[in-house]
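Following: one structure in structure tokens, then a few remarks.
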Amino acid sequence: MAGSTVAERRETLNFLESSLPADIHGLDVQRITELLQGYGFVCKVHGKLRGISGNLHEFDFVCTKTDTGDKMIIESLLTLPGDQEAMEIEIVKLRLKTYDCTPDVCIVIAAPSAFSVREMASLYRLSLLEAVKEKSPYDQLETLLRLREGDPQAPRQNID
């Protein structure tokens, strides 16, 4: 996708399930936590981590792998109003928070994004999952988890 228009973002948001009180920024909390539990993670919704600066940062999901202690942060920007510039600002803010908290993995779920946003996410070591009709964010997250586990059955794709 060369760029992202407001219409494409709106279409993606319409594709996702309607928000319920148990949803976070368009993501089904139960579906995400059950998926991650299946891969050995314990998740805290609206979890907080204290950074090396001493500041307390809130994330949509803070997950810990039970056997290794690895920290995974998942942040949804699906319902972010605005354009490419707003998305870039949110990516920079997230990078600052993750730099302070140093998680092992940070996953950002967003509507289709412009090339510059994808480049920024890659540069900042954020795994960007773009929710499109063909691939739901849940399927993409499961694929990423399989790849991290070294599952040879996982479809090969570039997720970063």
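Within each chain, counting starts at residue 1; across the structure tokens, chains are named A, B, ... in the order shown, with ligands numbered 1 upward in that order.
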
Shell of 10 Å around Glu142 in chain A, only C-alpha atoms, local chain residues under 4 positions omitted, as a PDB file with C-alpha atoms, in the first residue's frame:
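And here's around-v5.pdb as it stands now:
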```pdb
ATOM      1  CA  ILE A  32      -6.317 -11.028  22.728  1.00  0.00           C
ATOM      2  CA  LEU A  35      -4.641 -15.923  22.364  1.00  0.00           C
ATOM      3  CA  LEU A  36      -1.650 -14.799  24.406  1.00  0.00           C
ATOM      4  CA  GLY A  38      -2.261 -20.010  24.695  1.00  0.00           C
ATOM      5  CA  TYR A  39       1.357 -19.013  24.080  1.00  0.00           C
ATOM      6  CA  PRO A 137      -5.104  -8.256  13.577  1.00  0.00           C
ATOM      7  CA  TYR A 138      -5.829 -11.422  15.573  1.00  0.00           C
ATOM      8  CA  ARG A 146       4.126 -18.636  16.169  1.00  0.00           C
ATOM      9  CA  LEU A 147       7.198 -17.166  14.518  1.00  0.00           C
ATOM     10  CA  ARG A 148       8.570 -16.102  17.922  1.00  0.00           C
ATOM     11  CA  ALA A 154       3.767 -20.467  10.722  1.00  0.00           C
TER      12      ALA A 154
END
```

Can you tell me, as a ChimeraX atom specification, what residues are no more than 7 Å from Ile107 in chain A when counting only C-alpha atoms, ignoring any on the same chain fewer than 2 positions away? /A:73-75,105,109,126-128

Contact residues around Lys97 in chain A with only C-alpha atoms at 8 Å, ignoring same-chain residues under 4 positions, as a PDB file with C-alpha atoms, in the first residue's frame:
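Output contents, as saved in part20.pdb:
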```pdb
ATOM      1  CA  GLY A  51      10.529   2.909  33.318  1.00  0.00           C
ATOM      2  CA  HIS A  57       3.707   4.308  31.740  1.00  0.00           C
ATOM      3  CA  LYS A  93       5.249   8.759  21.814  1.00  0.00           C
ATOM      4  CA  CYS A 101      10.441   0.563  29.861  1.00  0.00           C
TER       5      CYS A 101
END
```

Env of Ser53 in chain A: 12 Å cut, atoms = only C-alpha atoms, seq-sep filter 6 positions within chain, self excluded. Answer as a list in words.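 Non-adjacent residues within range: Leu96, Lys97, Thr98, Tyr99, Asp100, Cys101 and Thr102 of chain A.
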
Shell around Ala131 in chain A at 7 Å using only C-alpha atoms, local window under 2 positions removed, as a list in words: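 Within the cut-off, the hits are Thr12, Ile109, Ala110, Ala111, Pro112, Leu129, Lys133, Lys135, Ser136 and Pro137 of chain A.
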
Write the residues of the selection above to a file with N, CA and C atoms, as an mmCIF file, in the first residue's frame.
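The resulting out.cif:
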```cif
data_model
loop_
_atom_site.group_PDB
_atom_site.id
_atom_site.type_symbol
_atom_site.label_atom_id
_atom_site.label_comp_id
_atom_site.auth_asym_id
_atom_site.auth_seq_id
_atom_site.Cartn_x
_atom_site.Cartn_y
_atom_site.Cartn_z
ATOM 1 N N THR A 12 -11.368 0.119 7.373
ATOM 2 C CA THR A 12 -10.779 -0.857 8.284
ATOM 3 C C THR A 12 -11.496 -0.840 9.620
ATOM 4 N N ILE A 109 -0.851 -2.324 16.769
ATOM 5 C CA ILE A 109 -1.897 -2.720 15.837
ATOM 6 C C ILE A 109 -2.570 -1.450 15.344
ATOM 7 N N ALA A 110 -2.574 -1.264 14.029
ATOM 8 C CA ALA A 110 -3.069 -0.012 13.459
ATOM 9 C C ALA A 110 -3.827 -0.281 12.164
ATOM 10 N N ALA A 111 -4.569 0.718 11.741
ATOM 11 C CA ALA A 111 -5.204 0.690 10.433
ATOM 12 C C ALA A 111 -4.094 0.814 9.380
ATOM 13 N N PRO A 112 -4.385 0.553 8.116
ATOM 14 C CA PRO A 112 -3.352 0.682 7.092
ATOM 15 C C PRO A 112 -2.639 2.030 7.199
ATOM 16 N N LEU A 129 1.420 -4.280 13.043
ATOM 17 C CA LEU A 129 0.434 -5.148 12.407
ATOM 18 C C LEU A 129 -0.665 -4.250 11.859
ATOM 19 N N LYS A 133 -8.764 -6.045 5.578
ATOM 20 C CA LYS A 133 -9.816 -7.051 5.406
ATOM 21 C C LYS A 133 -9.242 -8.458 5.234
ATOM 22 N N LYS A 135 -6.461 -9.756 6.328
ATOM 23 C CA LYS A 135 -5.776 -10.324 7.493
ATOM 24 C C LYS A 135 -6.193 -9.570 8.735
ATOM 25 N N SER A 136 -6.926 -10.240 9.586
ATOM 26 C CA SER A 136 -7.358 -9.588 10.818
ATOM 27 C C SER A 136 -6.157 -9.403 11.741
ATOM 28 N N PRO A 137 -6.226 -8.448 12.649
ATOM 29 C CA PRO A 137 -5.104 -8.256 13.577
ATOM 30 C C PRO A 137 -4.898 -9.481 14.468
#
```

Would you kindly return, as a tab-separated table (two decimals) with C-alpha atoms, in the first residue's frame, each protein, DNA or RNA residue with an atom no farther than 12 Å from any atom of Asp70 in chain A, considering only C-alpha atoms and excluding same-chain residues fewer than 2 positions away?
```
chain	number	residue	atom	x	y	z
A	40	GLY	CA	2.25	-18.87	27.77
A	41	PHE	CA	1.70	-15.18	28.49
A	42	VAL	CA	-0.11	-13.60	31.40
A	43	CYS	CA	-1.64	-10.27	30.34
A	62	VAL	CA	1.35	-5.62	29.26
A	63	CYS	CA	2.10	-9.32	28.95
A	64	THR	CA	4.72	-11.47	30.65
A	65	LYS	CA	5.86	-14.86	29.38
A	66	THR	CA	5.52	-17.20	32.34
A	67	ASP	CA	8.56	-19.38	31.64
A	68	THR	CA	11.06	-16.71	30.58
A	72	MET	CA	5.50	-7.91	25.59
A	73	ILE	CA	3.58	-4.69	25.11
A	102	THR	CA	12.60	-1.68	27.60
A	103	PRO	CA	10.14	-4.48	26.81
A	104	ASP	CA	11.39	-7.48	24.84
A	105	VAL	CA	8.69	-6.95	22.20
A	106	CYS	CA	6.32	-4.11	21.37
A	148	ARG	CA	8.57	-16.10	17.92
```

According to DSSP computed on the backbone, where in range 5-149 of chain A is there strand (DSSP E or B)? Give the residues as a VMD selection string. chain A and resid 23 to 24 27 to 28 41 to 45 48 to 50 56 to 58 61 to 65 71 to 76 105 to 110 127 to 130 132 135

Store the residues of this selection in a file with C-alpha atoms, as a PDB file, in the first residue's frame.
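Once everything was written out, this is out.pdb:
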```
ATOM      1  CA  ASP A  23     -12.815  -3.609  23.979  1.00  0.00           C
ATOM      2  CA  ILE A  24      -9.721  -1.434  23.916  1.00  0.00           C
ATOM      3  CA  LEU A  27      -9.603  -4.774  19.948  1.00  0.00           C
ATOM      4  CA  ASP A  28     -11.522  -7.556  21.687  1.00  0.00           C
ATOM      5  CA  PHE A  41       1.696 -15.178  28.486  1.00  0.00           C
ATOM      6  CA  VAL A  42      -0.110 -13.597  31.402  1.00  0.00           C
ATOM      7  CA  CYS A  43      -1.641 -10.274  30.341  1.00  0.00           C
ATOM      8  CA  LYS A  44      -2.643  -7.190  32.262  1.00  0.00           C
ATOM      9  CA  VAL A  45      -5.141  -4.994  30.426  1.00  0.00           C
ATOM     10  CA  LYS A  48       1.505  -0.127  33.788  1.00  0.00           C
ATOM     11  CA  LEU A  49       5.277  -0.395  33.753  1.00  0.00           C
ATOM     12  CA  ARG A  50       7.748   1.769  35.597  1.00  0.00           C
ATOM     13  CA  LEU A  56       4.943   5.024  35.291  1.00  0.00           C
ATOM     14  CA  HIS A  57       3.707   4.308  31.740  1.00  0.00           C
ATOM     15  CA  GLU A  58       0.344   2.792  30.786  1.00  0.00           C
ATOM     16  CA  PHE A  61      -1.711  -4.737  27.206  1.00  0.00           C
ATOM     17  CA  VAL A  62       1.351  -5.619  29.263  1.00  0.00           C
ATOM     18  CA  CYS A  63       2.100  -9.320  28.955  1.00  0.00           C
ATOM     19  CA  THR A  64       4.720 -11.469  30.647  1.00  0.00           C
ATOM     20  CA  LYS A  65       5.864 -14.863  29.381  1.00  0.00           C
ATOM     21  CA  LYS A  71       7.784  -8.607  28.549  1.00  0.00           C
ATOM     22  CA  MET A  72       5.498  -7.909  25.592  1.00  0.00           C
ATOM     23  CA  ILE A  73       3.579  -4.689  25.106  1.00  0.00           C
ATOM     24  CA  ILE A  74       0.630  -4.440  22.748  1.00  0.00           C
ATOM     25  CA  GLU A  75      -0.762  -1.043  21.834  1.00  0.00           C
ATOM     26  CA  SER A  76      -3.752  -0.421  19.561  1.00  0.00           C
ATOM     27  CA  VAL A 105       8.687  -6.954  22.202  1.00  0.00           C
ATOM     28  CA  CYS A 106       6.323  -4.110  21.371  1.00  0.00           C
ATOM     29  CA  ILE A 107       3.472  -4.728  18.960  1.00  0.00           C
ATOM     30  CA  VAL A 108       1.427  -1.911  17.466  1.00  0.00           C
ATOM     31  CA  ILE A 109      -1.897  -2.720  15.837  1.00  0.00           C
ATOM     32  CA  ALA A 110      -3.069  -0.012  13.459  1.00  0.00           C
ATOM     33  CA  SER A 127       6.258  -4.682  15.223  1.00  0.00           C
ATOM     34  CA  LEU A 128       3.486  -3.037  13.214  1.00  0.00           C
ATOM     35  CA  LEU A 129       0.434  -5.148  12.407  1.00  0.00           C
ATOM     36  CA  GLU A 130      -1.862  -3.450   9.919  1.00  0.00           C
ATOM     37  CA  VAL A 132      -6.853  -5.038   6.681  1.00  0.00           C
ATOM     38  CA  LYS A 135      -5.776 -10.324   7.493  1.00  0.00           C
TER      39      LYS A 135
END
```

DSSP on the backbone: which residues in range 29-94 of chain A end up as helix (DSSP H, G or I)? Give the answer as a JSON list (two decimals) with N, CA and C atoms, in the first residue's frame.
```
[["chain", "number", "residue", "atom", "x", "y", "z"],
["A", 29, "VAL", "N", -10.70, -7.54, 23.98],
["A", 29, "VAL", "CA", -9.78, -7.84, 25.08],
["A", 29, "VAL", "C", -9.73, -9.34, 25.35],
["A", 30, "GLN", "N", -10.88, -9.98, 25.42],
["A", 30, "GLN", "CA", -10.91, -11.41, 25.73],
["A", 30, "GLN", "C", -10.19, -12.21, 24.66],
["A", 31, "ARG", "N", -10.41, -11.86, 23.41],
["A", 31, "ARG", "CA", -9.77, -12.60, 22.31],
["A", 31, "ARG", "C", -8.25, -12.46, 22.36],
["A", 32, "ILE", "N", -7.77, -11.26, 22.64],
["A", 32, "ILE", "CA", -6.32, -11.03, 22.73],
["A", 32, "ILE", "C", -5.72, -11.79, 23.91],
["A", 33, "THR", "N", -6.35, -11.66, 25.09],
["A", 33, "THR", "CA", -5.78, -12.32, 26.27],
["A", 33, "THR", "C", -5.81, -13.84, 26.14],
["A", 34, "GLU", "N", -6.88, -14.40, 25.58],
["A", 34, "GLU", "CA", -6.93, -15.85, 25.39],
["A", 34, "GLU", "C", -5.87, -16.32, 24.40],
["A", 35, "LEU", "N", -5.67, -15.57, 23.34],
["A", 35, "LEU", "CA", -4.64, -15.92, 22.36],
["A", 35, "LEU", "C", -3.26, -15.93, 23.01],
["A", 36, "LEU", "N", -2.96, -14.89, 23.77],
["A", 36, "LEU", "CA", -1.65, -14.80, 24.41],
["A", 36, "LEU", "C", -1.48, -15.84, 25.51],
["A", 37, "GLN", "N", -2.53, -16.16, 26.23],
["A", 37, "GLN", "CA", -2.45, -17.20, 27.26],
["A", 37, "GLN", "C", -2.08, -18.54, 26.61],
["A", 38, "GLY", "N", -2.58, -18.78, 25.41],
["A", 38, "GLY", "CA", -2.26, -20.01, 24.69],
["A", 38, "GLY", "C", -0.79, -20.13, 24.35],
["A", 84, "GLN", "N", -1.93, 10.77, 8.72],
["A", 84, "GLN", "CA", -0.58, 10.23, 8.84],
["A", 84, "GLN", "C", 0.22, 10.95, 9.92],
["A", 85, "GLU", "N", 0.10, 12.25, 10.00],
["A", 85, "GLU", "CA", 0.86, 13.01, 10.98],
["A", 85, "GLU", "C", 0.48, 12.60, 12.41],
["A", 86, "ALA", "N", -0.80, 12.40, 12.65],
["A", 86, "ALA", "CA", -1.26, 11.97, 13.98],
["A", 86, "ALA", "C", -0.68, 10.58, 14.30],
["A", 87, "MET", "N", -0.65, 9.71, 13.32],
["A", 87, "MET", "CA", -0.10, 8.37, 13.51],
["A", 87, "MET", "C", 1.39, 8.44, 13.82],
["A", 88, "GLU", "N", 2.12, 9.29, 13.09],
["A", 88, "GLU", "CA", 3.56, 9.44, 13.33],
["A", 88, "GLU", "C", 3.82, 9.95, 14.75],
["A", 89, "ILE", "N", 3.02, 10.89, 15.21],
["A", 89, "ILE", "CA", 3.18, 11.43, 16.57],
["A", 89, "ILE", "C", 2.95, 10.32, 17.60],
["A", 90, "GLU", "N", 1.93, 9.50, 17.40],
["A", 90, "GLU", "CA", 1.65, 8.41, 18.34],
["A", 90, "GLU", "C", 2.77, 7.37, 18.33],
["A", 91, "ILE", "N", 3.34, 7.09, 17.17],
["A", 91, "ILE", "CA", 4.46, 6.14, 17.08],
["A", 91, "ILE", "C", 5.66, 6.68, 17.84],
["A", 92, "VAL", "N", 5.95, 7.97, 17.72],
["A", 92, "VAL", "CA", 7.07, 8.57, 18.46],
["A", 92, "VAL", "C", 6.81, 8.51, 19.96],
["A", 93, "LYS", "N", 5.59, 8.83, 20.39],
["A", 93, "LYS", "CA", 5.25, 8.76, 21.81],
["A", 93, "LYS", "C", 5.43, 7.34, 22.34],
["A", 94, "LEU", "N", 4.97, 6.37, 21.56],
["A", 94, "LEU", "CA", 5.11, 4.98, 21.97],
["A", 94, "LEU", "C", 6.57, 4.58, 22.05]]
```
